Each structure stands twice: as C-alpha cells, then as structure tokens.
$ cat coords23.txt   # compact mmCIF, C-alpha atoms
# COMPACT_ATOMS: atom_id res chain seq x y z
CA MET F 1187 52.60 24.26 102.15
CA LYS F 1188 54.82 25.15 105.11
CA ALA F 1189 53.98 21.83 106.72
CA GLU F 1190 55.14 20.00 103.59
CA LEU F 1191 58.40 21.97 103.52
CA THR F 1192 58.93 21.21 107.19
CA THR F 1193 58.29 17.51 106.55
CA ASP F 1194 60.74 17.46 103.60
CA SER F 1195 63.36 19.24 105.68
CA GLY F 1196 62.91 16.70 108.47
CA LYS F 1197 63.34 13.82 106.00
CA ARG F 1198 66.57 15.34 104.69
CA LYS F 1199 67.87 15.71 108.23
CA LYS F 1200 67.05 12.07 108.91
CA ALA F 1201 68.64 10.91 105.64
CA SER F 1202 71.76 13.02 106.14
CA PRO F 1203 73.21 11.02 109.09
CA GLU F 1204 72.50 7.78 107.20
CA LEU F 1205 74.37 9.10 104.15
CA THR F 1206 77.22 10.14 106.39
CA ARG F 1207 77.43 6.65 107.89
CA GLN F 1208 77.52 5.14 104.40
CA GLU F 1209 80.31 7.47 103.35
CA GLU F 1210 82.17 6.66 106.56
CA PHE F 1211 81.80 2.92 105.87
CA ILE F 1212 83.14 3.33 102.31
CA ARG F 1213 86.03 5.43 103.61
CA LYS F 1214 86.93 2.81 106.22
CA HIS F 1215 86.64 0.04 103.62
CA ARG F 1216 89.03 1.83 101.26
CA ARG F 1217 91.41 2.65 104.11
CA HIS F 1218 91.46 -1.04 105.09
CA HIS F 1219 92.33 -2.12 101.54
CA HIS F 1220 95.05 0.52 101.27
CA GLU F 1221 96.50 -0.62 104.59
CA ILE F 1222 96.55 -4.27 103.49
CA ALA F 1223 98.20 -3.34 100.17
CA SER F 1224 100.80 -1.24 101.98
CA TRP F 1225 101.70 -4.06 104.36
CA ARG F 1226 101.99 -6.53 101.48
CA THR F 1227 104.27 -4.17 99.58
CA LEU F 1228 106.39 -3.50 102.68
CA ILE F 1229 106.86 -7.21 103.39
CA PHE F 1230 107.88 -7.84 99.78
CA VAL F 1231 110.36 -4.95 99.74
CA LEU F 1232 111.89 -6.02 103.06
CA PHE F 1233 112.30 -9.57 101.75
CA ILE F 1234 114.05 -8.35 98.59
CA VAL F 1235 116.34 -6.01 100.55
CA LEU F 1236 117.22 -8.68 103.12
CA TRP F 1237 117.90 -11.21 100.36
CA GLU F 1238 120.24 -8.79 98.54
CA ILE F 1239 122.08 -7.79 101.71
CA SER F 1240 122.48 -11.41 102.78
CA ALA F 1241 124.04 -12.30 99.42
CA ASN F 1242 126.35 -9.26 99.39
CA GLN F 1243 127.49 -9.80 102.99
CA LYS F 1244 128.13 -13.51 102.31
CA TRP F 1245 125.56 -14.57 104.90
CA ILE F 1246 124.26 -16.91 102.20
CA ASP F 1247 126.07 -18.39 99.21
CA SER F 1248 124.86 -16.42 96.19
CA PHE F 1249 125.81 -19.32 93.90
CA PHE F 1250 123.17 -21.53 95.50
CA PHE F 1251 120.63 -18.92 96.65
CA SER F 1252 121.27 -16.23 94.00
CA SER F 1253 120.23 -12.63 94.75
CA PRO F 1254 117.72 -10.10 93.39
CA SER F 1255 120.39 -8.38 91.31
CA ARG F 1256 121.60 -11.68 89.80
CA VAL F 1257 117.99 -12.71 89.10
CA ALA F 1258 117.34 -9.38 87.38
CA ARG F 1259 120.48 -9.74 85.21
CA CYS F 1260 119.54 -13.30 84.29
CA PHE F 1261 116.02 -12.22 83.34
CA VAL F 1262 117.30 -9.35 81.18
CA ASP F 1263 119.81 -11.65 79.45
CA GLN F 1264 117.08 -14.19 78.72
CA ILE F 1265 114.84 -11.46 77.33
CA ARG F 1266 117.63 -10.17 75.08
CA HIS F 1267 118.10 -13.62 73.60
CA ASN F 1268 114.32 -13.98 73.13
CA ALA F 1269 114.42 -17.18 75.20
CA MET F 1270 112.43 -16.20 78.27
CA LEU F 1271 109.44 -14.75 76.41
CA SER F 1272 109.21 -17.87 74.26
CA HIS F 1273 109.27 -20.17 77.29
CA ILE F 1274 106.73 -18.00 79.14
CA GLY F 1275 104.41 -18.02 76.13
CA VAL F 1276 104.53 -21.82 75.87
CA THR F 1277 103.76 -22.31 79.56
CA LEU F 1278 100.93 -19.74 79.45
CA LEU F 1279 99.33 -21.38 76.41
CA GLU F 1280 99.53 -24.88 77.89
CA THR F 1281 98.14 -23.71 81.23
CA VAL F 1282 95.20 -21.81 79.71
CA LEU F 1283 94.28 -24.75 77.47
CA SER F 1284 94.51 -27.19 80.40
CA PHE F 1285 92.37 -24.90 82.57
CA LEU F 1286 89.65 -24.44 79.94
CA LEU F 1287 89.52 -28.16 79.21
CA VAL F 1288 89.30 -28.94 82.94
CA ILE F 1289 86.37 -26.54 83.38
CA ALA F 1290 84.53 -27.86 80.31
CA PHE F 1291 85.07 -31.55 81.08
CA SER F 1292 84.28 -31.13 84.80
CA LEU F 1293 81.08 -29.24 84.05
CA LEU F 1294 80.00 -31.93 81.58
CA MET F 1295 80.76 -34.83 83.94
CA SER F 1296 79.21 -33.19 87.02
CA THR F 1297 76.07 -32.44 84.99
CA LEU F 1298 75.80 -36.10 83.98
CA LEU F 1299 76.31 -37.16 87.60
CA TRP F 1300 73.55 -34.80 88.74
CA HIS F 1301 71.13 -36.06 86.08
CA SER F 1302 71.77 -39.72 86.95
CA ARG F 1303 71.93 -40.60 90.65
CA LYS F 1304 72.81 -44.20 89.79
CA LEU F 1305 75.79 -43.05 87.68
CA SER F 1306 77.02 -40.83 90.52
CA GLU F 1307 76.84 -43.71 93.00
CA ILE F 1308 78.81 -45.92 90.61
CA LEU F 1309 81.55 -43.40 89.77
CA GLU F 1310 81.97 -41.65 93.15
CA PRO F 1311 84.58 -44.04 94.63
CA TYR F 1312 86.59 -43.98 91.40
CA LEU F 1313 86.63 -40.17 91.41
CA VAL F 1314 87.79 -40.10 95.04
CA VAL F 1315 90.59 -42.61 94.38
CA LEU F 1316 91.77 -40.85 91.22
CA ASN F 1317 91.70 -37.48 92.97
CA SER F 1318 93.87 -38.90 95.79
CA LEU F 1319 96.39 -40.44 93.41
CA PRO F 1320 99.73 -38.54 93.15
CA LYS F 1321 99.55 -37.04 89.68
CA SER F 1322 103.33 -37.01 89.22
CA ALA F 1323 103.09 -40.82 89.15
CA LEU F 1324 100.91 -40.60 86.04
CA ALA F 1325 103.27 -38.36 84.06
CA PRO F 1326 105.60 -41.20 82.90
CA LEU F 1327 102.56 -43.14 81.72
CA PHE F 1328 101.35 -40.13 79.73
CA ILE F 1329 104.74 -39.96 78.01
CA VAL F 1330 104.55 -43.66 77.06
CA TRP F 1331 100.94 -43.38 75.90
CA LEU F 1332 101.04 -40.00 74.15
CA GLY F 1333 104.74 -39.36 73.51
CA THR F 1334 106.49 -36.11 74.31
CA GLY F 1335 105.08 -32.75 73.31
CA THR F 1336 102.35 -30.24 74.03
CA ARG F 1337 99.54 -32.79 74.06
CA THR F 1338 101.14 -34.77 76.88
CA ILE F 1339 101.77 -31.63 78.93
CA ILE F 1340 98.17 -30.44 78.55
CA VAL F 1341 96.89 -33.86 79.67
CA ALA F 1342 99.27 -33.73 82.64
CA GLY F 1343 97.93 -30.29 83.53
CA MET F 1344 94.35 -31.56 83.34
CA SER F 1345 95.06 -34.64 85.46
CA VAL F 1346 96.02 -32.55 88.49
CA ALA F 1347 92.76 -30.60 88.64
CA VAL F 1348 90.03 -32.46 86.80
CA PHE F 1349 88.94 -35.07 89.37
CA GLY F 1350 88.77 -32.64 92.28
CA SER F 1351 86.94 -30.19 90.05
CA ILE F 1352 84.28 -32.77 89.14
CA ILE F 1353 83.73 -33.55 92.83
CA SER F 1354 83.48 -29.86 93.73
CA PHE F 1355 81.04 -29.06 90.91
CA TYR F 1356 78.84 -32.05 91.69
CA THR F 1357 78.83 -31.19 95.41
CA GLY F 1358 77.80 -27.65 94.54
CA PHE F 1359 74.93 -28.94 92.39
CA GLN F 1360 73.68 -31.09 95.28
CA GLN F 1361 73.71 -28.19 97.75
CA VAL F 1362 71.16 -26.14 95.78
CA ASP F 1363 67.85 -25.56 97.59
CA ASN F 1364 65.59 -28.54 96.85
CA GLU F 1365 62.45 -26.47 97.45
CA LYS F 1366 63.23 -24.36 94.39
CA ILE F 1367 63.67 -27.50 92.29
CA THR F 1368 60.36 -28.84 93.60
CA LEU F 1369 58.71 -25.56 92.63
CA ILE F 1370 60.01 -25.93 89.06
CA TYR F 1371 58.48 -29.42 88.88
CA THR F 1372 55.21 -28.15 90.40
CA LEU F 1373 54.94 -25.51 87.68
CA GLY F 1374 55.37 -28.17 84.99
CA GLY F 1375 59.09 -27.79 84.39
CA THR F 1376 61.39 -30.62 83.38
CA ARG F 1377 64.65 -31.78 84.96
CA ARG F 1378 66.47 -29.79 82.30
CA ASP F 1379 64.57 -26.65 83.33
CA ALA F 1380 65.45 -27.30 86.97
CA PHE F 1381 69.13 -27.60 86.09
CA LEU F 1382 69.33 -24.54 83.84
CA LYS F 1383 67.12 -22.23 85.93
CA VAL F 1384 67.97 -23.28 89.50
CA VAL F 1385 70.92 -25.65 89.89
CA LEU F 1386 73.44 -24.03 87.53
CA PRO F 1387 72.76 -20.40 88.55
CA GLY F 1388 72.72 -21.39 92.22
CA SER F 1389 76.13 -23.07 91.88
CA VAL F 1390 77.92 -20.10 90.31
CA PRO F 1391 79.77 -19.10 93.54
CA ILE F 1392 81.16 -22.63 93.92
CA LEU F 1393 82.06 -22.78 90.22
CA LEU F 1394 84.00 -19.53 90.53
CA SER F 1395 85.82 -20.49 93.71
CA THR F 1396 86.75 -23.85 92.19
CA ALA F 1397 88.01 -22.09 89.06
CA LYS F 1398 90.39 -19.97 91.19
CA VAL F 1399 91.88 -23.16 92.60
CA ASN F 1400 91.94 -24.97 89.25
CA ILE F 1401 94.03 -22.34 87.49
CA GLY F 1402 96.82 -22.86 90.00
CA LEU F 1403 96.52 -26.64 89.82
CA ALA F 1404 96.61 -26.55 86.03
CA LEU F 1405 99.86 -24.55 86.21
CA VAL F 1406 101.33 -27.12 88.61
CA GLY F 1407 100.36 -29.97 86.29
CA VAL F 1408 101.84 -28.22 83.27
CA ILE F 1409 105.15 -27.68 85.07
CA ILE F 1410 105.23 -31.36 86.08
CA GLY F 1411 104.67 -32.28 82.44
CA GLU F 1412 107.38 -29.88 81.28
CA PHE F 1413 109.83 -31.41 83.75
CA LEU F 1414 109.53 -34.74 81.96
CA ALA F 1415 108.35 -34.21 78.39
CA ALA F 1416 109.25 -30.75 77.10
CA ARG F 1417 111.97 -28.86 75.29
CA ARG F 1418 110.28 -25.52 75.90
CA GLY F 1419 108.57 -23.84 78.80
CA LEU F 1420 109.49 -22.65 82.28
CA GLY F 1421 109.46 -26.20 83.63
CA TYR F 1422 112.07 -27.14 81.06
CA LEU F 1423 114.15 -24.10 82.03
CA ILE F 1424 114.08 -25.14 85.69
CA ILE F 1425 115.23 -28.69 84.90
CA TYR F 1426 117.86 -27.52 82.42
CA GLY F 1427 119.22 -24.89 84.83
CA SER F 1428 119.51 -27.41 87.66
CA GLN F 1429 121.32 -29.89 85.41
CA VAL F 1430 123.98 -27.36 84.30
CA PHE F 1431 124.12 -25.64 87.72
CA GLN F 1432 122.77 -22.33 86.42
CA LEU F 1433 120.79 -21.72 89.58
CA ASP F 1434 120.14 -18.09 88.67
CA MET F 1435 118.07 -19.41 85.78
CA VAL F 1436 116.23 -21.80 88.08
CA ILE F 1437 115.31 -19.12 90.63
CA THR F 1438 114.40 -16.64 87.88
CA SER F 1439 112.02 -19.18 86.34
CA ILE F 1440 110.46 -19.89 89.73
CA ILE F 1441 109.89 -16.18 90.36
CA VAL F 1442 108.32 -15.79 86.91
CA LEU F 1443 106.03 -18.72 87.74
CA CYS F 1444 104.99 -16.96 90.95
CA VAL F 1445 104.12 -13.84 88.96
CA ILE F 1446 102.15 -15.89 86.43
CA ALA F 1447 100.23 -17.69 89.20
CA LEU F 1448 99.39 -14.34 90.83
CA GLY F 1449 98.26 -12.93 87.47
CA PHE F 1450 96.00 -15.93 86.82
CA TYR F 1451 94.46 -15.68 90.29
CA LYS F 1452 93.83 -11.95 90.00
CA SER F 1453 92.27 -12.42 86.55
CA ILE F 1454 89.81 -15.04 87.83
CA GLN F 1455 89.11 -12.86 90.86
CA ALA F 1456 88.33 -9.86 88.62
CA ILE F 1457 85.96 -11.99 86.50
CA GLU F 1458 84.28 -13.24 89.68
CA HIS F 1459 83.88 -9.65 90.93
CA GLN F 1460 82.25 -8.54 87.67
CA ILE F 1461 79.87 -11.52 87.67
CA ARG F 1462 78.83 -10.82 91.27
CA ILE F 1463 78.15 -7.18 90.43
CA ARG F 1464 76.21 -7.96 87.25
CA PHE F 1465 74.01 -10.62 88.79
CA LYS F 1466 73.88 -8.97 92.25
CA MET F 1467 75.23 -12.03 94.03

$ encode --input "coords23.txt" --output "structure tokens"
Amino acid sequence: MKAELTTDSGKRKKASPELTRQEEFIRKHRRHHHEIASWRTLIFVLFIVLWEISANQKWIDSFFFSSPSRVARCFVDQIRHNAMLSHIGVTLLETVLSFLLVIAFSLLMSTLLWHSRKLSEILEPYLVVLNSLPKSALAPLFIVWLGTGTRTIIVAGMSVAVFGSIISFYTGFQQVDNEKITLIYTLGGTRRDAFLKVVLPGSVPILLSTAKVNIGLALVGVIIGEFLAARRGLGYLIIYGSQVFQLDMVITSIIVLCVIALGFYKSIQAIEHQIRIRFKM
C-alpha cells in the first residue's frame, strides 16, 4: 500500500513540472498576443494624433487631406441624414452576395475540373488568362450587357475573385495525398467517395485561406462596379464626393471601407478558428 502511495506521489511530482511548463507556454502565448494588440493600437493612435496635429498646424492642407475631426463630423452628419447607413448596407449586401456566389461557383467548377482531367487541361489556359485580365476593363462591358444596377455590381464583384478562386480550389484538390485516394479505390469506393471522404476534407485549409482572400477581392470588385454603375453604395459616395470636391466624404467612405474589410476578414478568421477546433485540424 505504501509502495503504491509512493509511486502515485512520484507520478504527481513528474506531472507537476510538465503542467507548469504548459501553463508557462499558455501565459507566454497570451502575453505575445497582448503585446501585438498593444503595438497595433499604439501605431493607430499615433497615426490619428499625427494626422490631426498636421492638419491643425497647417503642415498639410486639411481641404485635400481632411483630418480625424473633420472625418468624424462628416460621418455623424451622414448618419443623421440616414445616408451613410443606407450606403453601407447596400455595399455590404452586394459584397456578401458576390462572395457567396464566388465560393459556390468556384467550388462547382473546381469539382468538375477534378473529376475530368481532360476538361481541366482544356480550360486551364483560359482560366489563367481570365485571371490575369484587369477586371476594371470588364466593368464597362458589364454595364452594356446587363445595364446599371445591383446585378451588374454583383457580377463585377464576382469577376475579380472567381477565376483565381477556381485555380486555388483546383490546386488544393490536386495536392491531396494520392495514397489515401488509392486506399478508397482499393476498398471498393467510387470517385465520388474519394472526393467526399478524402479530397474535400483534405482541402479545407486551402478553401478557408482562399475565402479570406476572396472576401476582400469581392469588396474591391463591388466598389469598382459602384464607381461606374450605381446610385447607392460607398463606391458611389467616393465618386460623388470627388466630383463635388467634398473630400471629407471621400476619405470618410474610404475609412468605412477599411473597417468593413477588417470586419469581413476577422469574421472569416473566426469561422476558420472554430472549424479547426471542431475538426482538430
């Protein structure tokens, strides 16, 4: 009995340093994240302060470069007139729809390319060329083909991201371990089984990383579309403000776009984090 107690005590003593090292690692990890967040906040605050001081001291022309206080007043005025929230809502809706359509269409096309090697060899050069094409050059054609309105802007948003997304998804499908696919075939599985049980789950990290890029590209495409074919949205506000020399409105809209882009990225990142935890990736 005493020997057992001694053995248990020895195990606890051996486990205790290990537990301490784990706690120390977690503490260092949290300290690192807090340090990074503090530096980011400090840089942002210093930029805002320097911008305001430069405008007040006439180091820069506040008419052309605005200032944080002028941007804040412009934003509040737009909110009071219910204009800014309406424009933000339109841009958000168009961006989310473009992003979802890009993901769905890219997943469908990359799946077809994986199932048919001949089809992938035929379409690969076209995808590369279309992905390299400046998408702003297509926007006038979209207006002629589809007219002005939300449909044209959503298509413009899709055009920026869809071809690169197809290439990324298809490349991810090809990089899956072939031995696992061979094992599925050996056990009597079909090509569909190989795709659903090996290829698609094995490509989740690439799908998520591509989605984080696509949400930003969809926003860029939507703004390009709003520059040319919209009467609502932040892109329209930027063009309108530059035409009437209300540069406070232009800079305010750009800052709001930066906040929206950050929010989209953090949302996708949070979804990615939850998926990695759930499936232990």

$ closest_residue --input "coords23.txt" --among "F:Val1330, F:Leu1271, F:Leu1313, F:Leu1403" --to "F:Val1288" --atoms "all atoms listed in the file"
F:Leu1403

$ closest_residue --input "coords23.txt" --among "F:Val1430, F:Leu1319, F:Ile1339, F:Ile1401" --to "F:Ser1351" --atoms "all atoms listed in the file"
F:Ile1401

$ atom_distance --input "coords23.txt" --atom1 "atom CA of F:Lys1452" --atom2 "atom CA of F:Leu1287"
19.9 Å

$ closest_residue --input "coords23.txt" --among "F:Pro1326, F:Gly1449, F:Gly1427, F:Gly1419" --to "F:His1273" --atoms "only C-alpha atoms"
F:Gly1419

$ atom_distance --input "coords23.txt" --atom1 "atom CA of F:Asp1379" --atom2 "atom CA of F:Val1314"
29.3 Å

$ atom_distance --input "coords23.txt" --atom1 "atom CA of F:Ser1292" --atom2 "atom CA of F:Val1315"
16.2 Å

$ residues_around --input "coords23.txt" --residues "F:Ala1325" --least-positions-apart "2" --cutoff "9 Å" --atoms "only C-alpha atoms" --output "VMD selection string"
chain F and resid 1321 to 1323 1327 to 1330 1338 to 1339 1341 to 1342 1410 to 1411 1414 to 1415

$ closest_residue --input "coords23.txt" --among "F:Ile1463, F:Cys1260, F:Ile1340, F:Val1399" --to "F:Val1442" --atoms "all atoms listed in the file"
F:Cys1260

$ residues_around --input "coords23.txt" --residues "F:Phe1349" --least-positions-apart "3" --cutoff "12 Å" --atoms "all atoms listed in the file" --output "VMD selection string"
chain F and resid 1288 to 1289 1291 to 1293 1295 to 1296 1309 to 1321 1343 to 1346 1352 to 1356 1396 1400 1403 to 1404

$ write_last_selection --input "coords23.txt" --atoms "C-alpha atoms" --output "mmCIF file, in the frame of the given file"
data_model
loop_
_atom_site.group_PDB
_atom_site.id
_atom_site.type_symbol
_atom_site.label_atom_id
_atom_site.label_comp_id
_atom_site.auth_asym_id
_atom_site.auth_seq_id
_atom_site.Cartn_x
_atom_site.Cartn_y
_atom_site.Cartn_z
ATOM 1 C CA VAL F 1288 89.300 -28.940 82.940
ATOM 2 C CA ILE F 1289 86.370 -26.540 83.380
ATOM 3 C CA PHE F 1291 85.070 -31.550 81.080
ATOM 4 C CA SER F 1292 84.280 -31.130 84.800
ATOM 5 C CA LEU F 1293 81.080 -29.240 84.050
ATOM 6 C CA MET F 1295 80.760 -34.830 83.940
ATOM 7 C CA SER F 1296 79.210 -33.190 87.020
ATOM 8 C CA LEU F 1309 81.550 -43.400 89.770
ATOM 9 C CA GLU F 1310 81.970 -41.650 93.150
ATOM 10 C CA PRO F 1311 84.580 -44.040 94.630
ATOM 11 C CA TYR F 1312 86.590 -43.980 91.400
ATOM 12 C CA LEU F 1313 86.630 -40.170 91.410
ATOM 13 C CA VAL F 1314 87.790 -40.100 95.040
ATOM 14 C CA VAL F 1315 90.590 -42.610 94.380
ATOM 15 C CA LEU F 1316 91.770 -40.850 91.220
ATOM 16 C CA ASN F 1317 91.700 -37.480 92.970
ATOM 17 C CA SER F 1318 93.870 -38.900 95.790
ATOM 18 C CA LEU F 1319 96.390 -40.440 93.410
ATOM 19 C CA PRO F 1320 99.730 -38.540 93.150
ATOM 20 C CA LYS F 1321 99.550 -37.040 89.680
ATOM 21 C CA GLY F 1343 97.930 -30.290 83.530
ATOM 22 C CA MET F 1344 94.350 -31.560 83.340
ATOM 23 C CA SER F 1345 95.060 -34.640 85.460
ATOM 24 C CA VAL F 1346 96.020 -32.550 88.490
ATOM 25 C CA ILE F 1352 84.280 -32.770 89.140
ATOM 26 C CA ILE F 1353 83.730 -33.550 92.830
ATOM 27 C CA SER F 1354 83.480 -29.860 93.730
ATOM 28 C CA PHE F 1355 81.040 -29.060 90.910
ATOM 29 C CA TYR F 1356 78.840 -32.050 91.690
ATOM 30 C CA THR F 1396 86.750 -23.850 92.190
ATOM 31 C CA ASN F 1400 91.940 -24.970 89.250
ATOM 32 C CA LEU F 1403 96.520 -26.640 89.820
ATOM 33 C CA ALA F 1404 96.610 -26.550 86.030
#

$ closest_residue --input "coords23.txt" --among "F:Leu1386, F:Leu1443, F:Ala1241, F:Val1276" --to "F:Leu1294" --atoms "all atoms listed in the file"
F:Leu1386
